[in-house]
>>> print(open('work.cif').read())   # mmCIF, C-alpha atoms
data_data
#
loop_
_atom_site.label_atom_id
_atom_site.label_comp_id
_atom_site.auth_asym_id
_atom_site.auth_seq_id
_atom_site.Cartn_x
_atom_site.Cartn_y
_atom_site.Cartn_z
CA MET A 1 -125.63 -0.52 -12.38
CA SER A 2 -124.22 -0.44 -8.82
CA ASP A 3 -125.27 -4.06 -8.20
CA MET A 4 -123.41 -5.36 -11.29
CA LEU A 5 -119.84 -6.54 -10.94
CA ARG A 6 -119.25 -5.50 -14.55
CA ALA A 7 -121.98 -3.67 -16.43
CA PRO A 8 -122.12 -4.17 -20.23
CA ALA A 9 -121.22 -1.13 -22.30
CA GLU A 10 -124.84 -0.29 -23.17
CA VAL A 11 -125.66 -0.08 -19.45
CA LYS A 12 -122.47 1.60 -18.38
CA TYR A 13 -122.79 4.31 -21.03
CA ALA A 14 -126.59 4.36 -21.27
CA GLU A 15 -126.94 8.09 -20.62
CA GLU A 16 -124.31 8.92 -23.22
CA LEU A 17 -125.91 6.61 -25.80
CA ASP A 18 -129.33 8.15 -25.13
CA TRP A 19 -127.92 11.62 -25.71
CA LEU A 20 -126.12 10.64 -28.89
CA GLU A 21 -129.30 9.04 -30.21
CA SER A 22 -131.29 12.20 -29.45
CA VAL A 23 -128.97 14.46 -31.48
CA ASP A 24 -128.21 11.98 -34.27
CA ASP A 25 -129.70 13.10 -37.58
CA GLY A 26 -127.44 10.96 -39.81
CA PRO A 27 -128.67 8.08 -41.97
CA LYS A 28 -128.86 4.77 -40.08
CA PRO A 29 -128.46 1.40 -41.83
CA PHE A 30 -131.24 -1.09 -41.14
CA SER A 31 -132.27 -1.13 -37.47
CA TRP A 32 -129.15 0.61 -36.15
CA ARG A 33 -129.70 2.82 -33.13
CA LEU A 34 -126.93 5.23 -34.17
CA SER A 35 -125.59 6.35 -37.52
CA PRO A 36 -122.11 5.13 -38.52
CA LYS A 37 -120.56 8.52 -37.70
CA MET A 38 -122.08 8.49 -34.22
CA VAL A 39 -120.95 4.90 -33.66
CA ARG A 40 -117.39 5.95 -34.47
CA LEU A 41 -117.72 8.99 -32.22
CA PHE A 42 -119.02 6.86 -29.33
CA VAL A 43 -116.05 4.47 -29.63
CA LEU A 44 -113.23 6.93 -30.31
CA GLY A 45 -114.54 10.02 -28.53
CA SER A 46 -115.45 13.45 -29.86
CA GLU A 47 -113.29 16.26 -31.17
CA ARG A 48 -113.98 19.99 -31.28
CA ALA A 49 -114.60 19.74 -35.03
CA ASP A 50 -117.57 17.43 -34.38
CA GLY A 51 -119.54 20.43 -33.10
CA LEU A 52 -121.29 18.63 -30.23
CA ASP A 53 -122.63 20.38 -27.14
CA ARG A 54 -120.86 17.90 -24.87
CA GLN A 55 -117.63 15.97 -24.92
CA ILE A 56 -117.68 12.23 -25.55
CA ALA A 57 -114.70 10.52 -23.95
CA PRO A 58 -112.78 7.89 -25.97
CA LYS A 59 -113.37 4.30 -24.87
CA TRP A 60 -111.11 2.43 -27.26
CA PHE A 61 -107.65 3.69 -28.20
CA GLY A 62 -106.42 2.67 -31.60
CA ASP A 63 -106.22 3.62 -35.24
CA ARG A 64 -109.34 5.36 -36.51
CA SER A 65 -109.23 3.36 -39.74
CA PHE A 66 -109.72 0.08 -37.84
CA VAL A 67 -112.94 1.37 -36.29
CA GLU A 68 -114.25 2.84 -39.53
CA ARG A 69 -113.60 -0.37 -41.47
CA SER A 70 -115.31 -2.37 -38.73
CA ILE A 71 -118.40 -0.15 -38.89
CA VAL A 72 -118.57 -0.29 -42.68
CA THR A 73 -118.29 -4.10 -42.57
CA LEU A 74 -121.21 -4.38 -40.14
CA ALA A 75 -123.35 -2.32 -42.52
CA SER A 76 -122.60 -4.84 -45.28
CA ASP A 77 -123.55 -8.48 -45.79
CA ARG A 78 -120.32 -9.79 -44.32
CA GLY A 79 -119.42 -10.62 -40.76
CA LEU A 80 -116.59 -8.84 -38.98
CA LEU A 81 -113.55 -10.76 -37.68
CA LEU A 82 -111.27 -8.88 -35.28
CA ILE A 83 -107.96 -10.69 -35.12
CA GLY A 84 -104.83 -9.93 -33.11
CA ASP A 85 -102.65 -10.90 -30.17
CA PRO A 86 -104.21 -11.47 -26.73
CA GLY A 87 -104.88 -8.26 -24.82
CA THR A 88 -105.16 -5.93 -27.82
CA GLY A 89 -108.75 -4.88 -27.03
CA LYS A 90 -110.59 -6.98 -29.63
CA SER A 91 -113.40 -8.04 -27.31
CA TRP A 92 -113.77 -4.54 -25.88
CA LEU A 93 -114.08 -3.05 -29.37
CA ALA A 94 -116.64 -5.72 -30.31
CA GLU A 95 -118.66 -4.91 -27.19
CA LEU A 96 -118.59 -1.17 -27.85
CA LEU A 97 -119.67 -1.61 -31.48
CA ALA A 98 -122.55 -3.91 -30.52
CA ALA A 99 -123.65 -1.53 -27.75
CA ALA A 100 -123.66 1.50 -30.06
CA ILE A 101 -125.36 -0.26 -32.98
CA SER A 102 -127.86 -2.50 -31.20
CA ARG A 103 -127.87 -1.35 -27.55
CA ASN A 104 -127.22 -4.99 -26.69
CA SER A 105 -123.71 -6.42 -26.47
CA THR A 106 -124.61 -9.52 -24.43
CA LEU A 107 -125.60 -11.89 -27.26
CA VAL A 108 -122.28 -13.71 -27.04
CA VAL A 109 -121.09 -17.23 -27.84
CA GLN A 110 -117.75 -18.20 -26.30
CA GLY A 111 -115.78 -20.43 -28.63
CA THR A 112 -114.08 -23.43 -26.97
CA ALA A 113 -113.30 -27.02 -27.87
CA GLY A 114 -116.65 -27.86 -26.23
CA THR A 115 -118.75 -25.42 -28.24
CA THR A 116 -121.39 -27.26 -30.31
CA GLU A 117 -123.86 -26.37 -33.05
CA ASP A 118 -126.51 -25.99 -30.34
CA HIS A 119 -124.59 -23.03 -28.97
CA ILE A 120 -124.95 -21.12 -32.23
CA LYS A 121 -128.35 -22.44 -33.35
CA TYR A 122 -130.81 -23.73 -30.74
CA SER A 123 -131.43 -26.38 -28.11
CA TRP A 124 -134.52 -27.70 -26.34
CA ASN A 125 -136.15 -27.35 -22.94
CA VAL A 126 -136.28 -31.07 -22.14
CA SER A 127 -139.05 -30.88 -19.53
CA MET A 128 -141.31 -28.89 -21.90
CA VAL A 129 -140.59 -31.30 -24.74
CA ILE A 130 -141.55 -34.27 -22.55
CA ALA A 131 -144.73 -32.53 -21.38
CA LYS A 132 -145.94 -30.95 -24.65
CA GLY A 133 -143.64 -32.05 -27.44
CA GLN A 134 -141.30 -30.04 -29.59
CA SER A 135 -142.53 -26.57 -30.53
CA ARG A 136 -141.19 -23.05 -30.86
CA ALA A 137 -142.19 -22.53 -27.23
CA SER A 138 -139.98 -25.40 -26.06
CA MET A 139 -137.03 -24.27 -28.17
CA ILE A 140 -134.14 -22.39 -26.58
CA PRO A 141 -132.61 -20.04 -29.15
CA SER A 142 -128.88 -19.43 -29.04
CA PRO A 143 -127.53 -15.88 -28.68
CA ILE A 144 -126.81 -15.91 -32.43
CA MET A 145 -130.39 -16.96 -33.28
CA THR A 146 -131.72 -14.30 -30.90
CA ALA A 147 -129.62 -11.73 -32.75
CA MET A 148 -131.01 -12.97 -36.07
CA GLU A 149 -134.61 -12.66 -34.88
CA GLY A 150 -133.99 -9.18 -33.49
CA GLY A 151 -131.96 -7.84 -36.40
CA VAL A 152 -129.07 -6.96 -34.07
CA ILE A 153 -125.39 -7.80 -33.59
CA GLY A 154 -124.34 -11.22 -32.30
CA ARG A 155 -120.83 -11.87 -31.04
CA PHE A 156 -118.60 -14.94 -31.30
CA GLU A 157 -115.52 -14.89 -29.06
CA GLU A 158 -112.43 -16.97 -29.86
CA LEU A 159 -113.77 -18.32 -33.15
CA THR A 160 -110.65 -20.34 -33.95
CA ARG A 161 -111.01 -22.33 -30.73
CA SER A 162 -114.27 -23.90 -31.91
CA THR A 163 -114.31 -27.10 -33.98
CA SER A 164 -114.79 -27.36 -37.74
CA ASP A 165 -118.40 -28.58 -37.29
CA VAL A 166 -119.31 -25.37 -35.48
CA GLN A 167 -117.48 -23.25 -38.03
CA ASP A 168 -119.35 -25.03 -40.85
CA ALA A 169 -122.68 -24.27 -39.20
CA LEU A 170 -121.67 -20.62 -38.99
CA ILE A 171 -120.99 -20.58 -42.75
CA SER A 172 -124.64 -21.45 -43.36
CA ILE A 173 -125.87 -18.69 -41.06
CA LEU A 174 -123.63 -16.06 -42.64
CA SER A 175 -124.47 -17.18 -46.19
CA GLU A 176 -128.16 -18.01 -46.10
CA LYS A 177 -129.15 -15.71 -43.22
CA TYR A 178 -131.58 -18.27 -41.84
CA VAL A 179 -131.62 -21.36 -39.61
CA SER A 180 -133.78 -24.40 -40.36
CA ILE A 181 -135.44 -26.33 -37.53
CA PRO A 182 -136.05 -29.80 -39.02
CA GLU A 183 -137.66 -31.10 -35.81
CA LEU A 184 -140.72 -28.89 -36.44
CA ASP A 185 -143.33 -29.31 -39.17
CA ASP A 186 -144.56 -25.71 -39.09
CA ASP A 187 -142.81 -22.40 -38.36
CA ASN A 188 -139.55 -24.24 -38.90
CA ILE A 189 -137.33 -21.53 -40.35
CA VAL A 190 -135.87 -18.55 -38.49
CA PHE A 191 -134.96 -15.75 -40.89
CA ALA A 192 -132.48 -13.03 -39.97
CA LYS A 193 -133.95 -9.55 -39.90
CA PRO A 194 -132.15 -6.59 -41.49
CA GLY A 195 -129.40 -5.34 -39.18
CA PHE A 196 -128.23 -8.79 -38.14
CA SER A 197 -124.49 -9.36 -38.29
CA ILE A 198 -121.77 -11.18 -36.37
CA ILE A 199 -118.63 -9.78 -34.78
CA ALA A 200 -116.13 -12.57 -34.18
CA THR A 201 -112.74 -12.38 -32.49
CA ALA A 202 -109.70 -14.61 -32.90
CA ASN A 203 -106.26 -14.63 -31.35
CA SER A 204 -103.43 -14.66 -33.87
CA ARG A 205 -101.50 -16.88 -31.44
CA ASP A 206 -104.16 -19.60 -31.85
CA ARG A 207 -103.19 -20.25 -35.45
CA GLY A 208 -103.21 -23.97 -36.02
CA VAL A 209 -105.73 -24.71 -33.24
CA ASN A 210 -108.73 -24.83 -35.58
CA ASP A 211 -107.84 -22.83 -38.67
CA LEU A 212 -110.73 -21.18 -40.49
CA SER A 213 -111.75 -22.75 -43.76
CA SER A 214 -111.52 -20.73 -46.96
CA ALA A 215 -115.32 -20.76 -47.18
CA LEU A 216 -115.69 -19.21 -43.72
CA LYS A 217 -112.94 -16.66 -44.35
CA ARG A 218 -114.87 -15.42 -47.39
CA ARG A 219 -117.85 -14.63 -45.15
CA PHE A 220 -115.80 -12.29 -42.95
CA ASN A 221 -113.97 -9.04 -43.43
CA PHE A 222 -110.75 -9.21 -41.41
CA VAL A 223 -109.60 -6.29 -39.27
CA ARG A 224 -106.21 -6.93 -37.67
CA ILE A 225 -105.71 -5.16 -34.34
CA PRO A 226 -101.99 -4.66 -33.65
CA VAL A 227 -100.30 -4.52 -30.27
CA VAL A 228 -100.14 -0.91 -29.10
CA THR A 229 -96.50 0.17 -29.09
CA ASN A 230 -96.93 3.95 -29.10
CA LYS A 231 -96.13 5.05 -25.55
CA LYS A 232 -98.57 7.96 -25.57
CA SER A 233 -101.49 5.80 -26.73
CA GLU A 234 -100.56 3.04 -24.33
CA ALA A 235 -100.37 5.49 -21.42
CA GLU A 236 -103.87 6.76 -22.29
CA ILE A 237 -105.27 3.22 -22.29
CA VAL A 238 -103.63 2.30 -18.99
CA ARG A 239 -104.80 5.56 -17.37
CA PHE A 240 -108.36 5.08 -18.66
CA ARG A 241 -108.62 1.54 -17.29
CA THR A 242 -106.92 2.42 -14.02
CA GLU A 243 -109.32 5.29 -13.36
CA GLU A 244 -112.22 2.86 -13.91
CA LEU A 245 -110.70 0.47 -11.39
CA LEU A 246 -110.24 3.20 -8.79
CA ARG A 247 -113.84 4.36 -9.20
CA ARG A 248 -115.20 0.82 -8.96
CA HIS A 249 -113.34 0.13 -5.71
CA ASN A 250 -113.79 3.67 -4.34
CA ILE A 251 -110.03 3.89 -3.93
CA GLU A 252 -108.42 7.28 -3.53
CA LEU A 253 -104.90 6.58 -4.68
CA GLU A 254 -102.75 8.40 -7.20
CA VAL A 255 -100.61 6.74 -9.81
CA PRO A 256 -97.49 8.94 -10.08
CA PRO A 257 -96.64 9.70 -13.74
CA THR A 258 -93.05 8.66 -13.06
CA LEU A 259 -94.19 5.18 -12.02
CA LEU A 260 -96.40 4.87 -15.08
CA ASP A 261 -93.35 5.74 -17.19
CA VAL A 262 -91.35 3.00 -15.46
CA LEU A 263 -94.11 0.46 -16.21
CA LEU A 264 -94.39 1.49 -19.87
CA GLN A 265 -90.61 1.44 -20.36
CA SER A 266 -90.29 -1.97 -18.72
CA PHE A 267 -92.85 -3.50 -21.06
CA ALA A 268 -91.18 -1.84 -24.06
CA ASP A 269 -87.82 -3.31 -22.97
CA LEU A 270 -89.27 -6.79 -22.46
CA ARG A 271 -91.04 -6.70 -25.83
CA ALA A 272 -87.79 -5.76 -27.56
CA ALA A 273 -86.00 -8.62 -25.79
CA SER A 274 -88.78 -11.02 -26.79
CA ALA A 275 -88.62 -9.91 -30.43
CA SER A 276 -84.87 -10.55 -30.59
CA ALA A 277 -84.98 -13.88 -28.73
CA GLY A 278 -83.86 -16.92 -30.67
CA SER A 279 -86.27 -19.45 -29.16
CA ASP A 280 -89.50 -19.68 -27.14
CA ASP A 281 -87.51 -20.59 -24.03
CA GLU A 282 -85.90 -17.15 -24.23
CA ARG A 283 -89.26 -15.38 -24.45
CA LEU A 284 -91.70 -14.70 -21.64
CA GLU A 285 -94.89 -16.70 -21.95
CA SER A 286 -96.87 -13.49 -21.48
CA ALA A 287 -98.01 -11.63 -24.61
CA LEU A 288 -96.75 -8.40 -22.95
CA SER A 289 -99.89 -6.67 -24.18
CA THR A 290 -101.44 -3.47 -22.91
CA ALA A 291 -103.97 -5.60 -21.05
CA GLU A 292 -101.08 -7.27 -19.20
CA GLN A 293 -99.81 -3.84 -18.14
CA ILE A 294 -103.24 -2.92 -16.82
CA GLY A 295 -103.32 -6.18 -14.86
CA VAL A 296 -99.90 -5.47 -13.32
CA LEU A 297 -100.93 -1.96 -12.32
CA GLU A 298 -104.30 -3.16 -10.96
CA ASP A 299 -102.53 -5.77 -8.82
CA ALA A 300 -100.10 -3.14 -7.49
CA ILE A 301 -102.87 -0.64 -6.70
CA LEU A 302 -105.01 -3.17 -4.84
CA HIS A 303 -102.00 -4.48 -2.89
CA SER A 304 -101.03 -0.91 -1.94
CA ASN A 305 -104.58 -0.10 -0.86
CA PHE A 306 -105.21 -3.23 1.18
CA PHE A 307 -101.76 -4.12 2.53
CA GLY A 308 -99.55 -1.08 1.97
CA ALA A 309 -99.48 2.53 3.04
CA ARG A 310 -102.24 3.49 0.55
CA ALA A 311 -99.59 4.91 -1.73
CA LEU A 312 -98.26 3.18 -4.83
CA THR A 313 -94.51 2.56 -4.67
CA ALA A 314 -91.93 1.39 -7.19
CA GLU A 315 -91.20 -1.65 -5.01
CA THR A 316 -94.84 -2.78 -5.09
CA LEU A 317 -95.07 -2.18 -8.84
CA ALA A 318 -91.96 -4.29 -9.46
CA SER A 319 -93.26 -7.09 -7.25
CA SER A 320 -96.59 -7.10 -9.14
CA LEU A 321 -94.81 -7.15 -12.50
CA VAL A 322 -92.63 -10.10 -11.56
CA GLY A 323 -95.55 -11.97 -9.98
CA SER A 324 -97.77 -11.42 -13.03
CA LEU A 325 -95.22 -12.27 -15.73
CA ALA A 326 -93.34 -15.17 -14.10
CA ARG A 327 -95.67 -17.95 -15.25
CA ARG A 328 -93.11 -20.62 -16.03
CA SER A 329 -90.44 -21.67 -13.60
CA PRO A 330 -87.54 -21.51 -14.10
CA GLU A 331 -87.71 -20.11 -17.68
CA ASP A 332 -89.64 -16.87 -17.05
CA LEU A 333 -87.80 -16.17 -13.80
CA ALA A 334 -84.46 -16.54 -15.61
CA ILE A 335 -85.57 -14.08 -18.31
CA LEU A 336 -86.77 -11.54 -15.71
CA ASN A 337 -83.61 -11.97 -13.66
CA LYS A 338 -81.50 -11.28 -16.76
CA TYR A 339 -83.59 -8.17 -17.49
CA TRP A 340 -83.25 -6.88 -13.92
CA HIS A 341 -79.48 -7.32 -13.89
CA GLY A 342 -78.81 -6.23 -17.46
CA VAL A 343 -81.27 -3.32 -17.86
CA VAL A 344 -82.94 -2.23 -14.61
CA GLU A 345 -79.74 -2.17 -12.54
CA PRO A 346 -77.78 0.08 -14.98
CA ARG A 347 -80.83 2.30 -15.43
CA SER A 348 -81.23 2.72 -11.64
CA LYS A 349 -77.59 3.87 -11.41
CA GLU A 350 -78.05 6.30 -14.29
CA HIS A 351 -81.46 7.74 -13.41
CA SER A 352 -81.98 6.74 -9.74
CA GLY A 353 -85.42 7.96 -8.59
CA GLU A 354 -88.20 5.38 -9.04
CA TRP A 355 -85.85 2.99 -10.83
CA THR A 356 -83.94 2.40 -7.58
CA GLY A 357 -87.02 1.18 -5.76
CA PHE A 358 -88.10 -0.76 -8.85
CA LEU A 359 -84.73 -2.53 -8.87
CA GLU A 360 -84.98 -3.57 -5.21
CA GLY A 361 -88.64 -4.62 -5.44
CA GLY A 362 -87.95 -6.80 -8.49
CA ARG A 363 -84.90 -8.41 -6.93
CA GLN A 364 -86.82 -9.37 -3.83
CA ALA A 365 -89.75 -10.76 -5.84
CA ILE A 366 -87.47 -12.85 -8.07
CA ALA A 367 -85.58 -14.18 -5.04
CA THR A 368 -88.85 -15.12 -3.32
CA LEU A 369 -90.16 -17.01 -6.36
CA SER A 370 -86.86 -18.72 -7.23
#
>>> encode(input="work.cif", output="structure tokens")
Amino acid sequence: MSDMLRAPAEVKYAEELDWLESVDDGPKPFSWRLSPKMVRLFVLGSERADGLDRQIAPKWFGDRSFVERSIVTLASDRGLLLIGDPGTGKSWLAELLAAAISRNSTLVVQGTAGTTEDHIKYSWNVSMVIAKGQSRASMIPSPIMTAMEGGVIGRFEELTRSTSDVQDALISILSEKYVSIPELDDDNIVFAKPGFSIIATANSRDRGVNDLSSALKRRFNFVRIPVVTNKKSEAEIVRFRTEELLRRHNIELEVPPTLLDVLLQSFADLRAASASAGSDDERLESALSTAEQIGVLEDAILHSNFFGARALTAETLASSLVGSLARRSPEDLAILNKYWHGVVEPRSKEHSGEWTGFLEGGRQAIATLS
């Protein structure tokens, strides 16, 4: 795993998955590697009431009902569609579910305007076709077809970004559970084995890009993942991801709880301002998601480690926040400037402490970018 920039969940947590499989005596649907209860436990972490001999740390932080409904859907005939704002952890949840159920989360199709039917069905090795003609040997199965043949979970990221032709082809796969290969005379149908299912993700902000047809919607169970607004849950997520970052870079640097509070409060303030804004020009382009917070903190930590005094400061955190969220000029800079003058400045006078440094760092960053 040390030579991978980012190991998939089944590799990263291989030892934990092996252990869970060894103690799992629950009923398993189809070819699942873990029972539904153990899948939930792997994703959400263990509790004392689970009676395990070791603790399983949570990997996804969210409502338990979302995870349970996702697991139940994957044990049924329907596909699972995780929908929500950018940065709400949809893809991470999909990866964890696929890793726990199939021990393979890498059978992924990325939906874009350029995605074609070949990407979800099959294509051909041109040189082999020229040399020996079309056959199963010269066929290149898509990740979805590979999942069908193996009876495992396939993933489709950003489903609503793919065209209607691709979505129509997916209807056939989800309905009939097979793919025809008309170019071949023999062995020309690939049937899905028990255990095959699809986890798709879609951003709610992409509505209108390529809306799903009613027929395709009927083939999916929808699970809507909301933006995390509970400060305690959000702090747990940010801490979890930050600790991973520090381990990956071998950085010994502490994130003071007071600075984490400043970051969480700032995002809460900016979300409230965005919700009350009257037009898009008065809203930051950023989704202000938990993932955005993690990105801001990651930027600040790396800057402090490489160019600072190896200690995270409020000034550096403010500079990273402004640099990460100011995507449009002058609109986003004007919104941040208003926030700094109207909220951060009064708060620094009232509370002082980290807010004073945060005020100065943000002012300097806004002035530099203006």
>>> resolve_selection(input="work.cif", expression="the PyMOL selection byres ((chain A and resi 175) around 10)", output="number ranges by chain")
A: 77-79, 170-174, 176-178, 215-216, 218-219
>>> resolve_selection(input="work.cif", expression="the PyMOL selection byres ((chain A and resi 130-135) around 12)", output="PDB file with C-alpha atoms, keeping the file's coordinate frame")
ATOM      1  CA  SER A 123    -131.430 -26.380 -28.110  1.00  0.00           C
ATOM      2  CA  TRP A 124    -134.520 -27.700 -26.340  1.00  0.00           C
ATOM      3  CA  ASN A 125    -136.150 -27.350 -22.940  1.00  0.00           C
ATOM      4  CA  VAL A 126    -136.280 -31.070 -22.140  1.00  0.00           C
ATOM      5  CA  SER A 127    -139.050 -30.880 -19.530  1.00  0.00           C
ATOM      6  CA  MET A 128    -141.310 -28.890 -21.900  1.00  0.00           C
ATOM      7  CA  VAL A 129    -140.590 -31.300 -24.740  1.00  0.00           C
ATOM      8  CA  ARG A 136    -141.190 -23.050 -30.860  1.00  0.00           C
ATOM      9  CA  ALA A 137    -142.190 -22.530 -27.230  1.00  0.00           C
ATOM     10  CA  SER A 138    -139.980 -25.400 -26.060  1.00  0.00           C
ATOM     11  CA  MET A 139    -137.030 -24.270 -28.170  1.00  0.00           C
ATOM     12  CA  ILE A 140    -134.140 -22.390 -26.580  1.00  0.00           C
ATOM     13  CA  PRO A 141    -132.610 -20.040 -29.150  1.00  0.00           C
ATOM     14  CA  ILE A 181    -135.440 -26.330 -37.530  1.00  0.00           C
ATOM     15  CA  PRO A 182    -136.050 -29.800 -39.020  1.00  0.00           C
ATOM     16  CA  GLU A 183    -137.660 -31.100 -35.810  1.00  0.00           C
ATOM     17  CA  LEU A 184    -140.720 -28.890 -36.440  1.00  0.00           C
ATOM     18  CA  ASP A 185    -143.330 -29.310 -39.170  1.00  0.00           C
ATOM     19  CA  ASP A 186    -144.560 -25.710 -39.090  1.00  0.00           C
ATOM     20  CA  ASP A 187    -142.810 -22.400 -38.360  1.00  0.00           C
ATOM     21  CA  ASN A 188    -139.550 -24.240 -38.900  1.00  0.00           C
TER      22      ASN A 188
END
>>> residues_around(input="work.cif", residues="A:Ile335", least_positions_apart="3", cutoff="10 Å", atoms="all atoms listed in the file", output="PyMOL selection string")
chain A and resi 270+273-274+281-284+326+330-332+338-340
>>> residues_around(input="work.cif", residues="A:Pro29", least_positions_apart="5", cutoff="9 Å", atoms="only C-alpha atoms", output="list of chain:residue names")
A:Leu34, A:Ser35, A:Pro36, A:Ala75, A:Pro194, A:Gly195
>>> atom_distance(input="work.cif", atom1="atom CA of A:Glu68", atom2="atom CA of A:Met38")
11.0 Å
>>> decode(input="work.cif", residues="stretch 333-350 of chain A", atoms="C-alpha atoms", output="PDB file, in the first residue's frame")
ATOM      1  CA  LEU A 333     -13.895  38.418  -2.968  1.00  0.00           C
ATOM      2  CA  ALA A 334     -16.636  40.982  -2.311  1.00  0.00           C
ATOM      3  CA  ILE A 335     -18.682  38.395  -0.381  1.00  0.00           C
ATOM      4  CA  LEU A 336     -15.656  37.341   1.707  1.00  0.00           C
ATOM      5  CA  ASN A 337     -14.679  40.952   2.338  1.00  0.00           C
ATOM      6  CA  LYS A 338     -18.205  41.682   3.591  1.00  0.00           C
ATOM      7  CA  TYR A 339     -18.034  38.623   5.861  1.00  0.00           C
ATOM      8  CA  TRP A 340     -14.641  39.640   7.276  1.00  0.00           C
ATOM      9  CA  HIS A 341     -15.778  43.182   8.046  1.00  0.00           C
ATOM     10  CA  GLY A 342     -19.286  42.345   9.211  1.00  0.00           C
ATOM     11  CA  VAL A 343     -18.699  39.118  11.185  1.00  0.00           C
ATOM     12  CA  VAL A 344     -15.026  38.289  11.765  1.00  0.00           C
ATOM     13  CA  GLU A 345     -14.016  41.785  12.881  1.00  0.00           C
ATOM     14  CA  PRO A 346     -16.739  42.111  15.576  1.00  0.00           C
ATOM     15  CA  ARG A 347     -16.082  38.553  16.711  1.00  0.00           C
ATOM     16  CA  SER A 348     -12.333  39.230  17.064  1.00  0.00           C
ATOM     17  CA  LYS A 349     -13.108  42.226  19.312  1.00  0.00           C
ATOM     18  CA  GLU A 350     -15.517  40.179  21.406  1.00  0.00           C
TER      19      GLU A 350
END
